[in-house]
Amino acid sequence: MNSMQIVGEPAAAPTKAQTAIELSATSVTFGRGPTATPALAETNLSIPDGEFLALVGPSGCGKSTILRLVSGLVRPTSGVVVVGGREVAARALRVGMAFQNPTMLPWLTIEQNIMLPLKIVEPFRSQFKKQRKLAFRDKAHALLAQVGLKGFANKFPWQLSGGMLQRANLCRALIHEPRMLLLDEPFGALDQFTKEELWTILQNLWLAHKPTVLLVTHDLREAAFLASRICVMSPRPGRVIDDSAVTFARPRTIKMTFEPEFVALNQRLRDLIVDIRGVESSDDPSDASLEGTS
């Protein structure tokens with residue numbers, strides 16, 4: 001019996017009370033005057049609390065710009081970004097982040113690296129000295145066990161493989177119980193087998209903790225495996241051209257990604273991106289991807 005369901009359904013619009021992230025007529029332009037570069041066209045996007053949303057599209061389409069808007073690292077040129085019911089600039093938010101490079105501090109053990117957010121983020125910061133060798137250490141070890149790194153807490157980053165470091169990186173992103181998790185190509189530098197293993201680990205972490213997740217990826221199979229909703233973006237200046245729910249049953253398996261319905265979703269997403277790139281290129285043959293605004 002096929003365990004997969006119909007894909008490509010329009011995503012249900014979240015109610016106001018359930019919205020974790022909302023972009024309203026939000027645009028971003030880098031620079032001023034004749035050298036100004038529009039990175040993100042006016043965009044409206046709502047993400048319900050606890051949803052796993054993936055942004056896909058060609059390089060330079062504004063995917064990472066949206067991620068930076070949500071984290072507060074970039075300010076909108078127009079419109080507003082609301083996270084947890086308040087504008088991003090209005091207050092600090094508890095956010096977990098993971099990027100393609102795990103950026104572990106080489107002079108600290110894996111346990112110490114994972115606990116770094118607890119030294120910075122309240123209410124953990126005020127308890128850190130008392131709890132770092134008790135509850136906080138237990139918390140770090142429990143996360144390590146969940147990602148298959150039990151027994152590696154006292155190792156140093158240079159003693160671990162790239163895949164193991166990215167597992168530890170996910171632990172660090174989750175240890176302070178963030179309300180949302182922002183992921184920018186977290187598995188982009190890994191081999192395919194390690195990627196697939198980490199997809200399953202990330203899915204299990206999301207099912208266990210249910211943060212709101214915003215994933216930027218160029219890997220359409222990764223997006224379809226992990227996300228409950230996928231937004232396809234056009235080339236620069238980016239805008240959402242397709243917003244669809246992914247209704248495959250969970251927990252998903254790697255074997256499912258080779259079934260016809262899953263392959264059909266990947267092909268549909270690829271066709272959308274290829275078609276819009278062709279249209280944009282014919283409109284402006286001089287246009288090229290903008291490094292740093294993908």
# chains A, B, ... in the order shown; residues from 1 in each chain; ligands from 1
>>> residues_around(residues="Val83 in chain A", least_positions_apart="6", cutoff="7 Å", atoms="only C-alpha atoms", output="MDAnalysis selection string")
chainID A and resid 20:22
>>> write_last_selection(atoms="C-alpha atoms", output="compact mmCIF listing (two decimals), in the first residue's frame")
# COMPACT_ATOMS: atom_id res chain seq x y z
CA ALA A 20 4.63 32.62 14.19
CA ILE A 21 6.24 34.60 11.34
CA GLU A 22 4.61 37.15 9.08
>>> residues_around(residues="Gly50 in chain A", least_positions_apart="3", cutoff="12 Å", atoms="only C-alpha atoms", output="list in words")
Pro14, Gln18, Thr19, Ala20, Ile21, Ile47, Leu53, Gly84, Pro178, Arg179, Met180, Leu181, Trp206, Leu207, Ala208, His209, Lys210, Pro211, Thr212, Val213, Leu214, Ala227, Ser228 and Arg229 of chain A
>>> write_last_selection(atoms="N, CA and C atoms", output="PDB file, in the first residue's frame")
ATOM      1  N   PRO A  14      -2.918  30.320   7.583  1.00  0.00           N
ATOM      2  CA  PRO A  14      -2.975  30.254   9.036  1.00  0.00           C
ATOM      3  C   PRO A  14      -3.844  31.361   9.606  1.00  0.00           C
ATOM      4  N   GLN A  18      -2.424  31.892  15.241  1.00  0.00           N
ATOM      5  CA  GLN A  18      -1.466  30.805  15.092  1.00  0.00           C
ATOM      6  C   GLN A  18      -0.193  31.244  14.377  1.00  0.00           C
ATOM      7  N   THR A  19      -0.125  32.481  13.926  1.00  0.00           N
ATOM      8  CA  THR A  19       0.997  32.899  13.094  1.00  0.00           C
ATOM      9  C   THR A  19       2.257  33.132  13.912  1.00  0.00           C
ATOM     10  N   ALA A  20       3.338  32.445  13.524  1.00  0.00           N
ATOM     11  CA  ALA A  20       4.627  32.622  14.191  1.00  0.00           C
ATOM     12  C   ALA A  20       5.478  33.668  13.486  1.00  0.00           C
ATOM     13  N   ILE A  21       5.443  33.666  12.148  1.00  0.00           N
ATOM     14  CA  ILE A  21       6.236  34.596  11.342  1.00  0.00           C
ATOM     15  C   ILE A  21       5.332  35.200  10.283  1.00  0.00           C
ATOM     16  N   ILE A  47       3.653  32.146   8.376  1.00  0.00           N
ATOM     17  CA  ILE A  47       4.077  30.805   8.775  1.00  0.00           C
ATOM     18  C   ILE A  47       3.458  30.501  10.143  1.00  0.00           C
ATOM     19  N   LEU A  53       8.672  25.030   7.154  1.00  0.00           N
ATOM     20  CA  LEU A  53       8.563  25.615   5.824  1.00  0.00           C
ATOM     21  C   LEU A  53       9.923  25.657   5.150  1.00  0.00           C
ATOM     22  N   GLY A  84       6.305  36.164  16.324  1.00  0.00           N
ATOM     23  CA  GLY A  84       5.706  35.976  17.641  1.00  0.00           C
ATOM     24  C   GLY A  84       4.794  37.115  18.046  1.00  0.00           C
ATOM     25  N   PRO A 178      14.521  27.005  21.478  1.00  0.00           N
ATOM     26  CA  PRO A 178      14.078  28.151  20.683  1.00  0.00           C
ATOM     27  C   PRO A 178      12.650  27.987  20.194  1.00  0.00           C
ATOM     28  N   ARG A 179      11.977  29.111  20.037  1.00  0.00           N
ATOM     29  CA  ARG A 179      10.637  29.090  19.473  1.00  0.00           C
ATOM     30  C   ARG A 179      10.692  28.833  17.973  1.00  0.00           C
ATOM     31  N   MET A 180      11.831  29.162  17.368  1.00  0.00           N
ATOM     32  CA  MET A 180      11.969  28.890  15.946  1.00  0.00           C
ATOM     33  C   MET A 180      13.398  28.526  15.603  1.00  0.00           C
ATOM     34  N   LEU A 181      13.527  27.779  14.501  1.00  0.00           N
ATOM     35  CA  LEU A 181      14.815  27.286  14.044  1.00  0.00           C
ATOM     36  C   LEU A 181      15.014  27.765  12.616  1.00  0.00           C
ATOM     37  N   TRP A 206      12.479  17.659  14.974  1.00  0.00           N
ATOM     38  CA  TRP A 206      11.313  18.541  14.790  1.00  0.00           C
ATOM     39  C   TRP A 206      10.048  17.891  15.356  1.00  0.00           C
ATOM     40  N   LEU A 207       9.868  16.608  15.114  1.00  0.00           N
ATOM     41  CA  LEU A 207       8.692  15.923  15.650  1.00  0.00           C
ATOM     42  C   LEU A 207       8.697  15.913  17.176  1.00  0.00           C
ATOM     43  N   ALA A 208       9.897  15.862  17.777  1.00  0.00           N
ATOM     44  CA  ALA A 208       9.999  15.816  19.239  1.00  0.00           C
ATOM     45  C   ALA A 208       9.810  17.181  19.879  1.00  0.00           C
ATOM     46  N   HIS A 209      10.322  18.230  19.239  1.00  0.00           N
ATOM     47  CA  HIS A 209      10.344  19.562  19.868  1.00  0.00           C
ATOM     48  C   HIS A 209       9.370  20.564  19.241  1.00  0.00           C
ATOM     49  N   LYS A 210       8.970  20.346  17.984  1.00  0.00           N
ATOM     50  CA  LYS A 210       8.008  21.151  17.240  1.00  0.00           C
ATOM     51  C   LYS A 210       8.296  22.661  17.252  1.00  0.00           C
ATOM     52  N   PRO A 211       9.543  23.086  16.997  1.00  0.00           N
ATOM     53  CA  PRO A 211       9.758  24.519  16.772  1.00  0.00           C
ATOM     54  C   PRO A 211       9.221  24.897  15.398  1.00  0.00           C
ATOM     55  N   THR A 212       9.011  26.190  15.179  1.00  0.00           N
ATOM     56  CA  THR A 212       8.737  26.678  13.832  1.00  0.00           C
ATOM     57  C   THR A 212      10.062  26.669  13.079  1.00  0.00           C
ATOM     58  N   VAL A 213      10.104  26.012  11.921  1.00  0.00           N
ATOM     59  CA  VAL A 213      11.354  25.877  11.173  1.00  0.00           C
ATOM     60  C   VAL A 213      11.236  26.578   9.826  1.00  0.00           C
ATOM     61  N   LEU A 214      12.253  27.374   9.504  1.00  0.00           N
ATOM     62  CA  LEU A 214      12.380  27.993   8.193  1.00  0.00           C
ATOM     63  C   LEU A 214      13.687  27.505   7.590  1.00  0.00           C
ATOM     64  N   ALA A 227       9.916  19.271   4.791  1.00  0.00           N
ATOM     65  CA  ALA A 227       8.962  20.363   5.003  1.00  0.00           C
ATOM     66  C   ALA A 227       7.509  19.905   5.008  1.00  0.00           C
ATOM     67  N   SER A 228       6.694  20.659   5.712  1.00  0.00           N
ATOM     68  CA  SER A 228       5.249  20.499   5.614  1.00  0.00           C
ATOM     69  C   SER A 228       4.668  21.490   4.611  1.00  0.00           C
ATOM     70  N   ARG A 229       5.523  22.394   4.126  1.00  0.00           N
ATOM     71  CA  ARG A 229       5.095  23.401   3.153  1.00  0.00           C
ATOM     72  C   ARG A 229       6.324  23.922   2.428  1.00  0.00           C
TER      73      ARG A 229
END
>>> residues_around(residues="range 121-131 of chain A", least_positions_apart="2", cutoff="10 Å", atoms="only C-alpha atoms", output="list in words")
Ala92, Leu93, Arg94, Val95, Met115, Leu116, Pro117, Leu118, Lys119, Lys133, Leu134, Ala135, Phe136, Arg137, Asp138, His176 and Pro178 of chain A
>>> closest_atom_pairs(of="range 50-86 of chain A", to="range 38-42 of chain A", cutoff="12 Å", atoms="only C-alpha atoms", output="Markdown table")
| residue | atom | partner | partner_atom | distance |
| --- | --- | --- | --- | --- |
| A:Ser59 | CA | A:Ala39 | CA | 11.2 |
| A:Gly60 | CA | A:Ala39 | CA | 7.6 |
| A:Cys61 | CA | A:Ala39 | CA | 7.0 |
| A:Gly62 | CA | A:Leu40 | CA | 5.5 |
| A:Lys63 | CA | A:Leu40 | CA | 8.7 |
| A:Ser64 | CA | A:Ala39 | CA | 10.0 |
| A:Thr65 | CA | A:Leu40 | CA | 7.4 |
| A:Ile66 | CA | A:Leu40 | CA | 8.1 |
| A:Leu67 | CA | A:Leu40 | CA | 11.6 |
| A:Arg68 | CA | A:Leu40 | CA | 11.8 |
| A:Leu69 | CA | A:Leu40 | CA | 10.6 |
| A:Val74 | CA | A:Ala39 | CA | 11.6 |
| A:Arg75 | CA | A:Leu40 | CA | 11.8 |
| A:Pro76 | CA | A:Leu40 | CA | 9.3 |
| A:Thr77 | CA | A:Leu40 | CA | 9.3 |
| A:Ser78 | CA | A:Glu42 | CA | 7.8 |
| A:Gly79 | CA | A:Glu42 | CA | 7.8 |
| A:Val80 | CA | A:Glu42 | CA | 10.4 |
| A:Val81 | CA | A:Glu42 | CA | 11.8 |
>>> select_by_dssp(residues="range 3-166 of chain A", states="strand (DSSP E)", output="ChimeraX atom specification")
/A:9-10,19-30,37-48,52-56,78-83,86-87,95-99
>>> atom_distance(atom1="CA of Leu182 in chain A", atom2="CA of Ala223 in chain A")
13.9 Å
>>> closest_residue(among="A:Ala98, A:Ile273, A:Leu73, A:Leu198", to="Thr253 in chain A", atoms="only C-alpha atoms")
A:Leu198
>>> select_by_dssp(residues="range 44-98 of chain A", states="helix (DSSP H, G or I)", output="number ranges by chain")
A: 63-71, 88-90
>>> write_last_selection(atoms="C-alpha atoms", output="short mmCIF file (atom, residue, chain, number, x, y, z; two decimals), in the first residue's frame")
data_model
loop_
_atom_site.label_atom_id
_atom_site.label_comp_id
_atom_site.auth_asym_id
_atom_site.auth_seq_id
_atom_site.Cartn_x
_atom_site.Cartn_y
_atom_site.Cartn_z
CA LYS A 63 15.83 33.02 0.26
CA SER A 64 18.60 33.83 2.73
CA THR A 65 17.45 37.46 2.79
CA ILE A 66 14.11 36.29 4.22
CA LEU A 67 16.00 34.22 6.79
CA ARG A 68 18.01 37.28 7.82
CA LEU A 69 14.87 39.41 8.01
CA VAL A 70 13.27 36.94 10.42
CA SER A 71 16.42 36.79 12.57
CA VAL A 88 11.42 41.81 14.94
CA ALA A 89 13.16 44.99 16.06
CA ALA A 90 10.88 45.36 19.10
#
>>> closest_residue(among="A:Glu261, A:Asp242, A:Glu196, A:Asp191", to="Val56 in chain A", atoms="only C-alpha atoms")
A:Asp242
>>> closest_residue(among="A:His141, A:Arg132, A:Arg270, A:Lys255", to="Ser234 in chain A", atoms="only C-alpha atoms")
A:Arg270
>>> residues_around(residues="range 164-169 of chain A", least_positions_apart="5", cutoff="7 Å", atoms="only C-alpha atoms", output="NGL selection string")
:A and (98 or 102 or 114 or 144 or 147 or 157)
>>> write_last_selection(atoms="C-alpha atoms", output="mmCIF file, in the first residue's frame")
data_model
loop_
_atom_site.group_PDB
_atom_site.id
_atom_site.type_symbol
_atom_site.label_atom_id
_atom_site.label_comp_id
_atom_site.auth_asym_id
_atom_site.auth_seq_id
_atom_site.Cartn_x
_atom_site.Cartn_y
_atom_site.Cartn_z
ATOM 1 C CA ALA A 98 22.324 26.442 11.805
ATOM 2 C CA PRO A 102 29.016 24.382 11.826
ATOM 3 C CA ILE A 114 26.625 22.997 22.520
ATOM 4 C CA LEU A 144 23.694 14.372 21.717
ATOM 5 C CA VAL A 147 21.431 12.663 17.172
ATOM 6 C CA PRO A 157 35.571 19.600 17.022
#
>>> closest_residue(among="A:Ala224, A:Ile276, A:Met97, A:Ala140", to="Glu111 in chain A", atoms="only C-alpha atoms")
A:Ala140
>>> atom_distance(atom1="CA of Ala189 in chain A", atom2="CA of Trp158 in chain A")
16.5 Å
>>> residues_around(residues="Ile230 in chain A", least_positions_apart="2", cutoff="6 Å", atoms="only C-alpha atoms", output="PyMOL selection string")
chain A and resi 53-54+243-244
>>> write_last_selection(atoms="N, CA and C atoms", output="mmCIF file, in the first residue's frame")
data_model
loop_
_atom_site.group_PDB
_atom_site.id
_atom_site.type_symbol
_atom_site.label_atom_id
_atom_site.label_comp_id
_atom_site.auth_asym_id
_atom_site.auth_seq_id
_atom_site.Cartn_x
_atom_site.Cartn_y
_atom_site.Cartn_z
ATOM 1 N N LEU A 53 8.672 25.030 7.154
ATOM 2 C CA LEU A 53 8.563 25.615 5.824
ATOM 3 C C LEU A 53 9.923 25.657 5.150
ATOM 4 N N ALA A 54 9.965 25.245 3.882
ATOM 5 C CA ALA A 54 11.197 25.297 3.095
ATOM 6 C C ALA A 54 11.068 26.348 2.003
ATOM 7 N N ASP A 243 3.224 28.350 -3.492
ATOM 8 C CA ASP A 243 3.156 28.079 -2.057
ATOM 9 C C ASP A 243 2.254 26.872 -1.870
ATOM 10 N N SER A 244 2.865 25.717 -1.583
ATOM 11 C CA SER A 244 2.100 24.473 -1.548
ATOM 12 C C SER A 244 2.386 23.660 -0.293
#
>>> closest_residue(among="A:Lys139, A:Asn154, A:Gln146, A:Gly96", to="Leu108 in chain A", atoms="only C-alpha atoms")
A:Asn154
>>> residues_around(residues="Lys155 in chain A", least_positions_apart="5", cutoff="8 Å", atoms="only C-alpha atoms", output="PyMOL selection string")
chain A and resi 109-110+160
>>> atom_distance(atom1="CA of Leu272 in chain A", atom2="CA of Ser27 in chain A")
22.3 Å
>>> closest_residue(among="A:Gly148, A:Gly188, A:Gly162, A:Pro34", to="His218 in chain A", atoms="only C-alpha atoms")
A:Gly188
